[in-house]
file model_9.cif (mmCIF, C-alpha atoms (C1' of nucleotides))
data_entry
#
loop_
_atom_site.group_PDB
_atom_site.id
_atom_site.type_symbol
_atom_site.label_atom_id
_atom_site.label_comp_id
_atom_site.auth_asym_id
_atom_site.auth_seq_id
_atom_site.Cartn_x
_atom_site.Cartn_y
_atom_site.Cartn_z
ATOM 1 C CA MET A 1 -10.310 12.981 -3.257
ATOM 2 C CA TYR A 2 -10.083 9.251 -3.229
ATOM 3 C CA VAL A 3 -13.059 7.268 -2.058
ATOM 4 C CA ARG A 4 -12.778 3.723 -0.924
ATOM 5 C CA LYS A 5 -14.439 1.010 -2.892
ATOM 6 C CA THR A 6 -14.268 -1.683 -0.287
ATOM 7 C CA THR A 7 -15.386 -1.627 3.318
ATOM 8 C CA PRO A 8 -12.591 -2.060 5.802
ATOM 9 C CA ASN A 9 -12.490 -4.963 8.229
ATOM 10 C CA LEU A 10 -12.853 -3.699 11.743
ATOM 11 C CA ASN A 11 -12.912 -6.923 13.650
ATOM 12 C CA CYS A 12 -9.898 -6.888 15.858
ATOM 13 C CA GLY A 13 -7.590 -4.309 17.318
ATOM 14 C CA LEU A 14 -5.054 -4.788 14.598
ATOM 15 C CA ASP A 15 -7.645 -3.832 12.011
ATOM 16 C CA LEU A 16 -8.377 -0.594 13.820
ATOM 17 C CA LEU A 17 -4.710 0.069 14.224
ATOM 18 C CA GLY A 18 -4.162 -0.406 10.527
ATOM 19 C CA GLU A 19 -6.886 2.057 9.700
ATOM 20 C CA VAL A 20 -5.171 4.864 11.522
ATOM 21 C CA LEU A 21 -1.481 4.021 11.281
ATOM 22 C CA TYR A 22 -1.109 2.351 7.918
ATOM 23 C CA GLY A 23 0.624 4.986 5.889
ATOM 24 C CA LYS A 24 4.197 5.277 4.838
ATOM 25 C CA TRP A 25 5.019 8.367 6.840
ATOM 26 C CA LYS A 26 2.501 8.450 9.645
ATOM 27 C CA LEU A 27 4.607 7.032 12.434
ATOM 28 C CA ARG A 28 7.387 9.407 11.605
ATOM 29 C CA LEU A 29 5.032 12.348 11.480
ATOM 30 C CA LEU A 30 3.706 11.533 14.911
ATOM 31 C CA TRP A 31 7.194 11.041 16.217
ATOM 32 C CA PHE A 32 8.586 14.261 14.860
ATOM 33 C CA ILE A 33 5.590 16.266 15.939
ATOM 34 C CA ASN A 34 6.141 14.905 19.399
ATOM 35 C CA GLU A 35 9.765 15.958 19.174
ATOM 36 C CA GLY A 36 8.674 19.500 18.553
ATOM 37 C CA HIS A 37 8.836 19.736 14.793
ATOM 38 C CA GLN A 38 5.332 20.972 14.543
ATOM 39 C CA ARG A 39 5.231 23.087 11.446
ATOM 40 C CA PRO A 40 4.587 21.542 8.049
ATOM 41 C CA SER A 41 7.774 22.915 6.572
ATOM 42 C CA GLN A 42 9.809 21.521 9.447
ATOM 43 C CA LEU A 43 8.260 18.131 9.018
ATOM 44 C CA GLN A 44 8.953 18.262 5.334
ATOM 45 C CA ARG A 45 12.574 18.969 6.027
ATOM 46 C CA LYS A 46 12.760 16.121 8.520
ATOM 47 C CA ILE A 47 11.321 13.714 5.976
ATOM 48 C CA PRO A 48 12.930 14.725 2.710
ATOM 49 C CA GLY A 49 12.048 11.445 1.047
ATOM 50 C CA ALA A 50 8.361 12.221 1.155
ATOM 51 C CA ALA A 51 6.557 14.465 -1.251
ATOM 52 C CA ARG A 52 5.065 17.575 0.264
ATOM 53 C CA ARG A 53 1.658 16.643 -1.000
ATOM 54 C CA VAL A 54 1.768 13.218 0.567
ATOM 55 C CA LEU A 55 2.738 14.531 3.965
ATOM 56 C CA ASN A 56 -0.171 16.946 3.829
ATOM 57 C CA ILE A 57 -2.541 14.123 3.021
ATOM 58 C CA GLN A 58 -1.246 11.901 5.773
ATOM 59 C CA LEU A 59 -1.320 14.752 8.254
ATOM 60 C CA LYS A 60 -4.904 15.348 7.279
ATOM 61 C CA GLU A 61 -5.722 11.724 7.953
ATOM 62 C CA LEU A 62 -4.003 11.850 11.319
ATOM 63 C CA GLU A 63 -6.081 14.892 12.065
ATOM 64 C CA ASP A 64 -9.290 13.188 10.944
ATOM 65 C CA HIS A 65 -8.422 10.297 13.205
ATOM 66 C CA GLU A 66 -7.853 12.695 16.068
ATOM 67 C CA LEU A 67 -4.240 11.814 16.613
ATOM 68 C CA VAL A 68 -3.091 15.344 15.916
ATOM 69 C CA THR A 69 -4.661 18.763 15.919
ATOM 70 C CA ARG A 70 -3.899 21.521 13.513
ATOM 71 C CA LYS A 71 -3.706 25.063 14.694
ATOM 72 C CA ILE A 72 -3.681 27.851 12.167
ATOM 73 C CA TYR A 73 -2.207 31.181 13.123
ATOM 74 C CA PRO A 74 -3.828 34.000 11.183
ATOM 75 C CA VAL A 75 -0.568 35.615 10.208
ATOM 76 C CA VAL A 76 1.235 36.187 7.002
ATOM 77 C CA PRO A 77 3.060 34.235 5.813
ATOM 78 C CA PRO A 78 0.745 31.536 7.095
ATOM 79 C CA LYS A 79 1.773 29.576 10.120
ATOM 80 C CA VAL A 80 0.404 26.196 11.061
ATOM 81 C CA GLU A 81 1.327 24.004 13.970
ATOM 82 C CA TYR A 82 0.441 20.417 14.568
ATOM 83 C CA SER A 83 0.244 18.961 18.048
ATOM 84 C CA LEU A 84 -0.494 15.529 19.338
ATOM 85 C CA THR A 85 -3.872 14.991 20.897
ATOM 86 C CA GLU A 86 -4.139 13.032 24.116
ATOM 87 C CA LEU A 87 -4.806 9.973 22.017
ATOM 88 C CA GLY A 88 -1.849 10.777 19.825
ATOM 89 C CA LYS A 89 0.403 11.053 22.844
ATOM 90 C CA THR A 90 -0.506 7.560 23.931
ATOM 91 C CA LEU A 91 1.025 6.341 20.702
ATOM 92 C CA ILE A 92 4.461 7.709 21.398
ATOM 93 C CA PRO A 93 5.560 4.904 23.706
ATOM 94 C CA VAL A 94 4.150 2.443 21.224
ATOM 95 C CA ILE A 95 6.179 3.945 18.407
ATOM 96 C CA ALA A 96 9.165 3.921 20.710
ATOM 97 C CA VAL A 97 8.755 0.187 21.167
ATOM 98 C CA LEU A 98 8.649 -0.290 17.422
ATOM 99 C CA GLY A 99 11.706 1.837 16.948
ATOM 100 C CA GLN A 100 13.574 0.022 19.675
ATOM 101 C CA TRP A 101 12.775 -3.322 18.160
ATOM 102 C CA ALA A 102 14.026 -2.184 14.788
ATOM 103 C CA ASP A 103 17.138 -0.599 16.253
ATOM 104 C CA THR A 104 17.935 -3.682 18.255
ATOM 105 C CA HIS A 105 17.697 -5.855 15.182
ATOM 106 C CA GLU A 106 19.017 -3.336 12.737
ATOM 107 C CA ASP A 107 21.856 -5.475 11.426
ATOM 108 C CA HIS A 108 19.716 -8.492 10.904
ATOM 109 C CA LEU A 109 17.045 -6.439 9.224
ATOM 110 C CA ARG A 110 19.415 -4.694 6.852
ATOM 111 C CA ASN A 111 20.802 -8.055 5.998
ATOM 112 C CA VAL A 112 17.563 -9.742 5.062
ATOM 113 C CA ILE A 113 16.245 -6.690 3.297
ATOM 114 C CA SER A 114 19.275 -6.307 1.087
ATOM 115 C CA LYS A 115 19.082 -9.968 0.125
ATOM 116 C CA GLN A 116 15.618 -9.425 -1.175
ATOM 117 C CA THR A 117 16.633 -6.358 -3.149
ATOM 118 C CA VAL A 118 19.487 -7.986 -5.005
ATOM 119 C CA SER A 119 18.180 -11.543 -5.362
ATOM 120 C CA SER A 120 19.006 -12.655 -8.845
ATOM 121 C CA GLY A 121 18.236 -15.859 -7.030
ATOM 122 C CA VAL A 122 21.356 -17.578 -8.277
ATOM 123 C CA ASP A 123 23.282 -19.126 -5.435
ATOM 124 C CA ASP A 124 20.739 -20.282 -2.952
ATOM 125 C CA THR A 125 23.025 -21.831 -0.380
ATOM 126 C CA SER A 126 20.745 -21.144 2.515
ATOM 127 C CA ASP A 127 20.374 -24.697 3.814
ATOM 128 C CA GLN A 128 20.567 -23.629 7.367
ATOM 129 C CA MET B 1 6.765 -11.742 -9.748
ATOM 130 C CA TYR B 2 6.734 -8.079 -8.980
ATOM 131 C CA VAL B 3 9.994 -6.176 -9.017
ATOM 132 C CA ARG B 4 10.383 -2.874 -7.315
ATOM 133 C CA LYS B 5 11.033 0.186 -9.368
ATOM 134 C CA THR B 6 12.204 2.425 -6.598
ATOM 135 C CA THR B 7 14.865 1.856 -3.997
ATOM 136 C CA PRO B 8 13.538 1.778 -0.469
ATOM 137 C CA ASN B 9 14.674 4.253 2.158
ATOM 138 C CA LEU B 10 16.597 2.477 4.847
ATOM 139 C CA ASN B 11 17.661 5.354 6.989
ATOM 140 C CA CYS B 12 16.049 4.848 10.322
ATOM 141 C CA GLY B 13 14.599 1.978 12.261
ATOM 142 C CA LEU B 14 11.090 2.780 11.162
ATOM 143 C CA ASP B 15 12.136 2.347 7.558
ATOM 144 C CA LEU B 16 13.492 -1.101 8.283
ATOM 145 C CA LEU B 17 10.419 -1.975 10.242
ATOM 146 C CA GLY B 18 8.235 -0.946 7.371
ATOM 147 C CA GLU B 19 10.152 -3.132 4.979
ATOM 148 C CA VAL B 20 9.386 -6.258 6.924
ATOM 149 C CA LEU B 21 6.049 -5.545 8.577
ATOM 150 C CA TYR B 22 4.222 -3.376 6.092
ATOM 151 C CA GLY B 23 1.621 -5.715 4.714
ATOM 152 C CA LYS B 24 -2.036 -5.988 5.432
ATOM 153 C CA TRP B 25 -1.922 -9.398 7.083
ATOM 154 C CA LYS B 26 1.608 -9.805 8.320
ATOM 155 C CA LEU B 27 1.117 -8.917 11.953
ATOM 156 C CA ARG B 28 -1.830 -11.259 12.176
ATOM 157 C CA LEU B 29 0.070 -14.035 10.499
ATOM 158 C CA LEU B 30 2.874 -13.721 12.990
ATOM 159 C CA TRP B 31 0.430 -13.565 15.845
ATOM 160 C CA PHE B 32 -1.542 -16.602 14.808
ATOM 161 C CA ILE B 33 1.517 -18.629 14.033
ATOM 162 C CA ASN B 34 2.706 -17.848 17.513
ATOM 163 C CA GLU B 35 -0.655 -18.994 18.859
ATOM 164 C CA GLY B 36 -0.097 -22.346 17.259
ATOM 165 C CA HIS B 37 -2.018 -22.012 14.031
ATOM 166 C CA GLN B 38 0.909 -23.081 11.976
ATOM 167 C CA ARG B 39 -0.544 -24.684 8.908
ATOM 168 C CA PRO B 40 -1.490 -22.605 5.894
ATOM 169 C CA SER B 41 -5.051 -23.859 5.894
ATOM 170 C CA GLN B 42 -5.444 -23.001 9.564
ATOM 171 C CA LEU B 43 -4.146 -19.514 8.978
ATOM 172 C CA GLN B 44 -6.483 -19.093 6.075
ATOM 173 C CA ARG B 45 -9.380 -20.059 8.287
ATOM 174 C CA LYS B 46 -8.276 -17.622 10.975
ATOM 175 C CA ILE B 47 -8.100 -14.803 8.453
ATOM 176 C CA PRO B 48 -11.076 -15.367 6.210
ATOM 177 C CA GLY B 49 -10.941 -11.828 4.858
ATOM 178 C CA ALA B 50 -7.666 -12.468 3.103
ATOM 179 C CA ALA B 51 -7.272 -14.230 -0.183
ATOM 180 C CA ARG B 52 -5.351 -17.466 -0.050
ATOM 181 C CA ARG B 53 -2.912 -16.191 -2.607
ATOM 182 C CA VAL B 54 -2.164 -13.070 -0.653
ATOM 183 C CA LEU B 55 -1.492 -14.937 2.550
ATOM 184 C CA ASN B 56 0.918 -17.172 0.696
ATOM 185 C CA ILE B 57 2.733 -14.183 -0.675
ATOM 186 C CA GLN B 58 2.980 -12.476 2.666
ATOM 187 C CA LEU B 59 4.082 -15.672 4.351
ATOM 188 C CA LYS B 60 6.775 -15.971 1.724
ATOM 189 C CA GLU B 61 7.942 -12.465 2.509
ATOM 190 C CA LEU B 62 7.996 -13.177 6.209
ATOM 191 C CA GLU B 63 10.068 -16.221 5.416
ATOM 192 C CA ASP B 64 12.435 -14.239 3.208
ATOM 193 C CA HIS B 65 12.833 -11.763 6.020
ATOM 194 C CA GLU B 66 13.585 -14.590 8.410
ATOM 195 C CA LEU B 67 10.695 -13.962 10.705
ATOM 196 C CA VAL B 68 9.197 -17.378 10.082
ATOM 197 C CA THR B 69 10.459 -20.690 8.819
ATOM 198 C CA ARG B 70 8.548 -23.067 6.647
ATOM 199 C CA LYS B 71 8.803 -26.756 7.228
ATOM 200 C CA ILE B 72 7.505 -29.129 4.597
ATOM 201 C CA TYR B 73 6.566 -32.638 5.604
ATOM 202 C CA PRO B 74 6.989 -35.033 2.715
ATOM 203 C CA VAL B 75 3.609 -36.644 3.135
ATOM 204 C CA VAL B 76 0.485 -36.799 1.086
ATOM 205 C CA PRO B 77 -1.607 -34.775 1.216
ATOM 206 C CA PRO B 78 1.161 -32.235 1.733
ATOM 207 C CA LYS B 79 1.703 -30.781 5.155
ATOM 208 C CA VAL B 80 3.440 -27.507 5.843
ATOM 209 C CA GLU B 81 4.059 -25.811 9.125
ATOM 210 C CA TYR B 82 5.258 -22.324 9.781
ATOM 211 C CA SER B 83 7.106 -21.422 12.932
ATOM 212 C CA LEU B 84 8.502 -18.199 14.265
ATOM 213 C CA THR B 85 12.231 -17.777 14.112
ATOM 214 C CA GLU B 86 14.059 -16.333 17.091
ATOM 215 C CA LEU B 87 13.767 -12.953 15.433
ATOM 216 C CA GLY B 88 10.103 -13.524 14.792
ATOM 217 C CA LYS B 89 9.527 -14.366 18.437
ATOM 218 C CA THR B 90 10.967 -11.049 19.503
ATOM 219 C CA LEU B 91 8.158 -9.402 17.596
ATOM 220 C CA ILE B 92 5.388 -10.993 19.588
ATOM 221 C CA PRO B 93 5.626 -8.624 22.550
ATOM 222 C CA VAL B 94 5.793 -5.747 20.106
ATOM 223 C CA ILE B 95 2.628 -6.866 18.389
ATOM 224 C CA ALA B 96 1.078 -7.331 21.805
ATOM 225 C CA VAL B 97 1.805 -3.696 22.578
ATOM 226 C CA LEU B 98 0.168 -2.632 19.353
ATOM 227 C CA GLY B 99 -2.851 -4.781 20.043
ATOM 228 C CA GLN B 100 -3.136 -3.486 23.580
ATOM 229 C CA TRP B 101 -3.030 0.078 22.422
ATOM 230 C CA ALA B 102 -5.768 -0.557 19.910
ATOM 231 C CA ASP B 103 -7.877 -2.479 22.386
ATOM 232 C CA THR B 104 -7.525 0.219 24.986
ATOM 233 C CA HIS B 105 -8.666 2.853 22.549
ATOM 234 C CA GLU B 106 -11.077 0.699 20.645
ATOM 235 C CA ASP B 107 -14.108 2.905 21.168
ATOM 236 C CA HIS B 108 -12.354 6.055 20.186
ATOM 237 C CA LEU B 109 -10.856 4.386 17.152
ATOM 238 C CA ARG B 110 -14.136 2.952 15.934
ATOM 239 C CA ASN B 111 -15.620 6.353 16.368
ATOM 240 C CA VAL B 112 -13.128 8.298 14.298
ATOM 241 C CA ILE B 113 -12.915 5.609 11.682
ATOM 242 C CA SER B 114 -16.631 5.497 11.120
ATOM 243 C CA LYS B 115 -16.747 9.282 10.805
ATOM 244 C CA GLN B 116 -14.273 9.122 8.003
ATOM 245 C CA THR B 117 -16.343 6.510 6.205
ATOM 246 C CA VAL B 118 -19.552 8.523 6.367
ATOM 247 C CA SER B 119 -18.120 12.052 6.598
ATOM 248 C CA SER B 120 -20.522 14.470 5.037
ATOM 249 C CA GLY B 121 -18.412 16.649 7.283
ATOM 250 C CA VAL B 122 -21.350 18.708 8.509
ATOM 251 C CA ASP B 123 -21.294 19.360 12.232
ATOM 252 C CA ASP B 124 -17.769 19.981 13.369
ATOM 253 C CA THR B 125 -18.319 20.736 17.031
ATOM 254 C CA SER B 126 -14.937 19.566 18.218
ATOM 255 C CA ASP B 127 -13.717 22.731 19.930
ATOM 256 C CA GLN B 128 -12.180 20.921 22.815
ATOM 257 C "C1'" DT C 1 8.941 43.752 -9.646
ATOM 258 C "C1'" DC C 2 10.317 39.211 -8.914
ATOM 259 C "C1'" DA C 3 12.111 35.303 -6.080
ATOM 260 C "C1'" DG C 4 11.352 32.941 -1.891
ATOM 261 C "C1'" DA C 5 8.986 31.317 2.160
ATOM 262 C "C1'" DT C 6 4.635 29.577 3.985
ATOM 263 C "C1'" DA C 7 0.588 26.505 3.459
ATOM 264 C "C1'" DG C 8 -2.583 24.064 0.572
ATOM 265 C "C1'" DG C 9 -5.046 21.539 -3.130
ATOM 266 C "C1'" DG C 10 -6.729 19.658 -7.987
ATOM 267 C "C1'" DA C 11 -5.555 16.620 -11.673
ATOM 268 C "C1'" DT C 12 -3.105 12.993 -13.001
ATOM 269 C "C1'" DA C 13 0.450 9.387 -13.292
ATOM 270 C "C1'" DA C 14 3.264 5.832 -11.332
ATOM 271 C "C1'" DA C 15 4.089 2.366 -8.120
ATOM 272 C "C1'" DT C 16 2.633 -0.959 -5.086
ATOM 273 C "C1'" DT C 17 -0.479 -4.069 -2.849
ATOM 274 C "C1'" DA C 18 -4.364 -6.942 -2.763
ATOM 275 C "C1'" DG C 19 -7.518 -9.905 -4.911
ATOM 276 C "C1'" DT C 20 -9.630 -13.126 -8.540
ATOM 277 C "C1'" DC C 21 -9.383 -17.078 -11.616
ATOM 278 C "C1'" DC C 22 -7.715 -20.989 -12.965
ATOM 279 C "C1'" DC C 23 -4.347 -24.714 -13.146
ATOM 280 C "C1'" DC C 24 -0.850 -28.275 -11.121
ATOM 281 C "C1'" DT C 25 0.873 -32.261 -7.782
ATOM 282 C "C1'" DA C 26 -0.465 -36.621 -5.577
ATOM 283 C "C1'" DT C 27 -3.398 -39.623 -2.823
ATOM 284 C "C1'" DT C 28 -7.613 -41.338 -0.732
ATOM 285 C "C1'" DG C 29 -12.458 -42.322 -1.115
ATOM 286 C "C1'" DC C 30 -16.678 -43.283 -3.747
ATOM 287 C "C1'" DG D 1 -12.854 -41.567 -13.505
ATOM 288 C "C1'" DC D 2 -14.046 -37.631 -10.544
ATOM 289 C "C1'" DA D 3 -14.211 -35.011 -6.238
ATOM 290 C "C1'" DA D 4 -11.982 -33.606 -2.152
ATOM 291 C "C1'" DT D 5 -7.810 -32.362 0.469
ATOM 292 C "C1'" DA D 6 -3.483 -29.918 1.100
ATOM 293 C "C1'" DG D 7 -0.273 -26.556 -0.673
ATOM 294 C "C1'" DG D 8 1.383 -23.712 -4.521
ATOM 295 C "C1'" DG D 9 1.786 -20.434 -8.228
ATOM 296 C "C1'" DG D 10 1.148 -17.903 -13.048
ATOM 297 C "C1'" DA D 11 -1.500 -14.347 -15.325
ATOM 298 C "C1'" DC D 12 -4.123 -10.767 -14.795
ATOM 299 C "C1'" DT D 13 -7.178 -7.053 -12.815
ATOM 300 C "C1'" DA D 14 -8.666 -3.968 -9.205
ATOM 301 C "C1'" DA D 15 -7.801 -1.129 -5.454
ATOM 302 C "C1'" DT D 16 -4.993 1.760 -2.993
ATOM 303 C "C1'" DT D 17 -1.169 4.517 -1.987
ATOM 304 C "C1'" DT D 18 2.449 7.510 -3.183
ATOM 305 C "C1'" DA D 19 4.462 10.857 -6.197
ATOM 306 C "C1'" DT D 20 4.648 14.626 -9.748
ATOM 307 C "C1'" DC D 21 3.204 18.900 -11.721
ATOM 308 C "C1'" DC D 22 1.268 22.984 -11.466
ATOM 309 C "C1'" DC D 23 -1.569 26.869 -9.450
ATOM 310 C "C1'" DT D 24 -3.486 29.922 -5.529
ATOM 311 C "C1'" DA D 25 -2.514 33.559 -1.857
ATOM 312 C "C1'" DT D 26 0.304 37.110 0.948
ATOM 313 C "C1'" DC D 27 4.223 39.395 2.710
ATOM 314 C "C1'" DT D 28 9.421 40.143 2.985
ATOM 315 C "C1'" DG D 29 13.679 41.246 1.055
ATOM 316 C "C1'" DA D 30 16.792 42.302 -2.932
#

call {"tool": "encode", "arguments": {"input": "model_9.cif", "output": "structure tokens"}}
result
Amino acid sequence: MYVRKTTPNLNCGLDLLGEVLYGKWKLRLLWFINEGHQRPSQLQRKIPGAARRVLNIQLKELEDHELVTRKIYPVVPPKVEYSLTELGKTLIPVIAVLGQWADTHEDHLRNVISKQTVSSGVDDTSDQ
Amino acid sequence: MYVRKTTPNLNCGLDLLGEVLYGKWKLRLLWFINEGHQRPSQLQRKIPGAARRVLNIQLKELEDHELVTRKIYPVVPPKVEYSLTELGKTLIPVIAVLGQWADTHEDHLRNVISKQTVSSGVDDTSDQ
DNA sequence: TCAGATAGGGATAAATTAGTCCCCTATTGC
DNA sequence: GCAATAGGGGACTAATTTATCCCTATCTGA
């Protein structure tokens, strides 16, 4: 298990936010859990780009931060279900705002992102 | 200059959002620029925890993604001012929402974050 | 009996991000 | 001439995050 070598800044709200939400798949995990995809295998199918291992780790962090709870059913094959905590639920509208912003500006965003990806930096005709 | 080795996912809005906002200091940079701290040295003073170099890099990315513009005044000593673009301005209310969420739940967040830091994981009395 | 589904984790590697160090430009001030 | 100021950036290292590989366990179905 990885142990931090530096102490995090915890000065402002954005620092705290970063501590709990900074993670490639965390927002999606919260979102999908809220949508009812509560089992690990379901989440994995919803987020095929992520490695199984990584989702487990991020779910664990969400759990440690009390944004989700993990319920284990003592059956075979094993069954686990994640649910949002009260705190986790308060994040849903926040994530919705983020998603809406991105959706609203989707074209623009795709545009500027693709520029960056290609960028052999040849014809820089971006005067205005 | 670093070049990516993997192609980013750009499926949903949250992917796009991540591409432009995923960066330790970016939200703060946008926020402070909006507050009127537009010169690099001012921003550096507002964010003492960040290395100068890193802020420059993240500012450059924000510029590439058209969230800020950089205006250079041809004077000596040099003067540079960042401003939010129209797109950048649309992010301010979004960042405000994030900040409000974190502020509202500040106590809870500090609590769970500090646990994680210490975490000898001894007394787990969190039944409900 | 063996594959598959379900859930999880250790070891390790790869990728990415953040940070440190030092150097450059040009001018003003001492 | 040298330091300070203002803004940058190359080279490199450290820290962190994400991904890969492989192994555990149990029951169901072919």

call {"tool": "interface_residues", "arguments": {"input": "model_9.cif", "of": "chain D", "to": "chain A", "cutoff": "8 Å", "atoms": "only C-alpha atoms (C1' of nucleotides)", "output": "ChimeraX atom specification"}}
result
/D:15,18-19,26-27

call {"tool": "resolve_selection", "arguments": {"input": "model_9.cif", "expression": "the PyMOL selection byres ((chain B) within 10 of (chain A))", "output": "PyMOL selection string"}}
result
chain B and resi 3-4+7-10+12-20+22-25+27-28+49+61+63-67+87+90-91+93-117+119

call {"tool": "write_last_selection", "arguments": {"input": "model_9.cif", "atoms": "C-alpha atoms", "output": "short mmCIF file (atom, residue, chain, number, x, y, z; two decimals), in the coordinates of the input"}}
result
data_model
loop_
_atom_site.label_atom_id
_atom_site.label_comp_id
_atom_site.auth_asym_id
_atom_site.auth_seq_id
_atom_site.Cartn_x
_atom_site.Cartn_y
_atom_site.Cartn_z
CA VAL B 3 9.99 -6.18 -9.02
CA ARG B 4 10.38 -2.87 -7.32
CA THR B 7 14.86 1.86 -4.00
CA PRO B 8 13.54 1.78 -0.47
CA ASN B 9 14.67 4.25 2.16
CA LEU B 10 16.60 2.48 4.85
CA CYS B 12 16.05 4.85 10.32
CA GLY B 13 14.60 1.98 12.26
CA LEU B 14 11.09 2.78 11.16
CA ASP B 15 12.14 2.35 7.56
CA LEU B 16 13.49 -1.10 8.28
CA LEU B 17 10.42 -1.98 10.24
CA GLY B 18 8.24 -0.95 7.37
CA GLU B 19 10.15 -3.13 4.98
CA VAL B 20 9.39 -6.26 6.92
CA TYR B 22 4.22 -3.38 6.09
CA GLY B 23 1.62 -5.72 4.71
CA LYS B 24 -2.04 -5.99 5.43
CA TRP B 25 -1.92 -9.40 7.08
CA LEU B 27 1.12 -8.92 11.95
CA ARG B 28 -1.83 -11.26 12.18
CA GLY B 49 -10.94 -11.83 4.86
CA GLU B 61 7.94 -12.46 2.51
CA GLU B 63 10.07 -16.22 5.42
CA ASP B 64 12.44 -14.24 3.21
CA HIS B 65 12.83 -11.76 6.02
CA GLU B 66 13.58 -14.59 8.41
CA LEU B 67 10.70 -13.96 10.70
CA LEU B 87 13.77 -12.95 15.43
CA THR B 90 10.97 -11.05 19.50
CA LEU B 91 8.16 -9.40 17.60
CA PRO B 93 5.63 -8.62 22.55
CA VAL B 94 5.79 -5.75 20.11
CA ILE B 95 2.63 -6.87 18.39
CA ALA B 96 1.08 -7.33 21.80
CA VAL B 97 1.80 -3.70 22.58
CA LEU B 98 0.17 -2.63 19.35
CA GLY B 99 -2.85 -4.78 20.04
CA GLN B 100 -3.14 -3.49 23.58
CA TRP B 101 -3.03 0.08 22.42
CA ALA B 102 -5.77 -0.56 19.91
CA ASP B 103 -7.88 -2.48 22.39
CA THR B 104 -7.52 0.22 24.99
CA HIS B 105 -8.67 2.85 22.55
CA GLU B 106 -11.08 0.70 20.64
CA ASP B 107 -14.11 2.90 21.17
CA HIS B 108 -12.35 6.06 20.19
CA LEU B 109 -10.86 4.39 17.15
CA ARG B 110 -14.14 2.95 15.93
CA ASN B 111 -15.62 6.35 16.37
CA VAL B 112 -13.13 8.30 14.30
CA ILE B 113 -12.92 5.61 11.68
CA SER B 114 -16.63 5.50 11.12
CA LYS B 115 -16.75 9.28 10.80
CA GLN B 116 -14.27 9.12 8.00
CA THR B 117 -16.34 6.51 6.20
CA SER B 119 -18.12 12.05 6.60
#

call {"tool": "closest_residue", "arguments": {"input": "model_9.cif", "among": "A:Lys71, A:Leu59, A:Ser41, A:Lys46", "to": "chain C", "atoms": "all atoms listed in the file"}}
result
A:Ser41

call {"tool": "resolve_selection", "arguments": {"input": "model_9.cif", "expression": "the PyMOL selection byres ((chain D and resi 6) around 12)", "output": "ChimeraX atom specification"}}
result
/B:39-42,72-81 /C:25-27 /D:4-5,7-8

call {"tool": "atom_distance", "arguments": {"input": "model_9.cif", "atom1": "atom CA of A:Thr69", "atom2": "atom C1' of D:DC23"}}
result
26.8 Å

call {"tool": "atom_distance", "arguments": {"input": "model_9.cif", "atom1": "atom C1' of D:DA14", "atom2": "atom C1' of C:DT17"}}
result
10.4 Å

call {"tool": "resolve_selection", "arguments": {"input": "model_9.cif", "expression": "the PyMOL selection byres ((chain C) within 8 of (chain A))", "output": "number ranges by chain"}}
result
C: 5-7

call {"tool": "atom_distance", "arguments": {"input": "model_9.cif", "atom1": "atom CA of B:Lys60", "atom2": "atom CA of B:Glu35"}}
result
18.9 Å

call {"tool": "residues_near_point", "arguments": {"input": "model_9.cif", "point": "(-2.8, 26.4, -5.5)", "cutoff": "9 Å", "atoms": "all atoms listed in the file", "output": "ChimeraX atom specification"}}
result
/C:8-10 /D:22-25

call {"tool": "axis_aligned_box", "arguments": {"input": "model_9.cif", "around": "stretch 19-31 of chain B", "padding_each_side": "4 Å", "output": "JSON"}}
result
{"center_x": 4.1, "center_y": -8.6, "center_z": 10.3, "size_x": 20.2, "size_y": 18.9, "size_z": 19.1}

call {"tool": "residues_around", "arguments": {"input": "model_9.cif", "residues": "B:Val68", "least_positions_apart": "4", "cutoff": "8 Å", "atoms": "all atoms listed in the file", "output": "list in words"}}
result
Leu30, Leu59, Leu62, Glu63, Tyr82, Ser83, Leu84, Thr85 and Gly88 of chain B
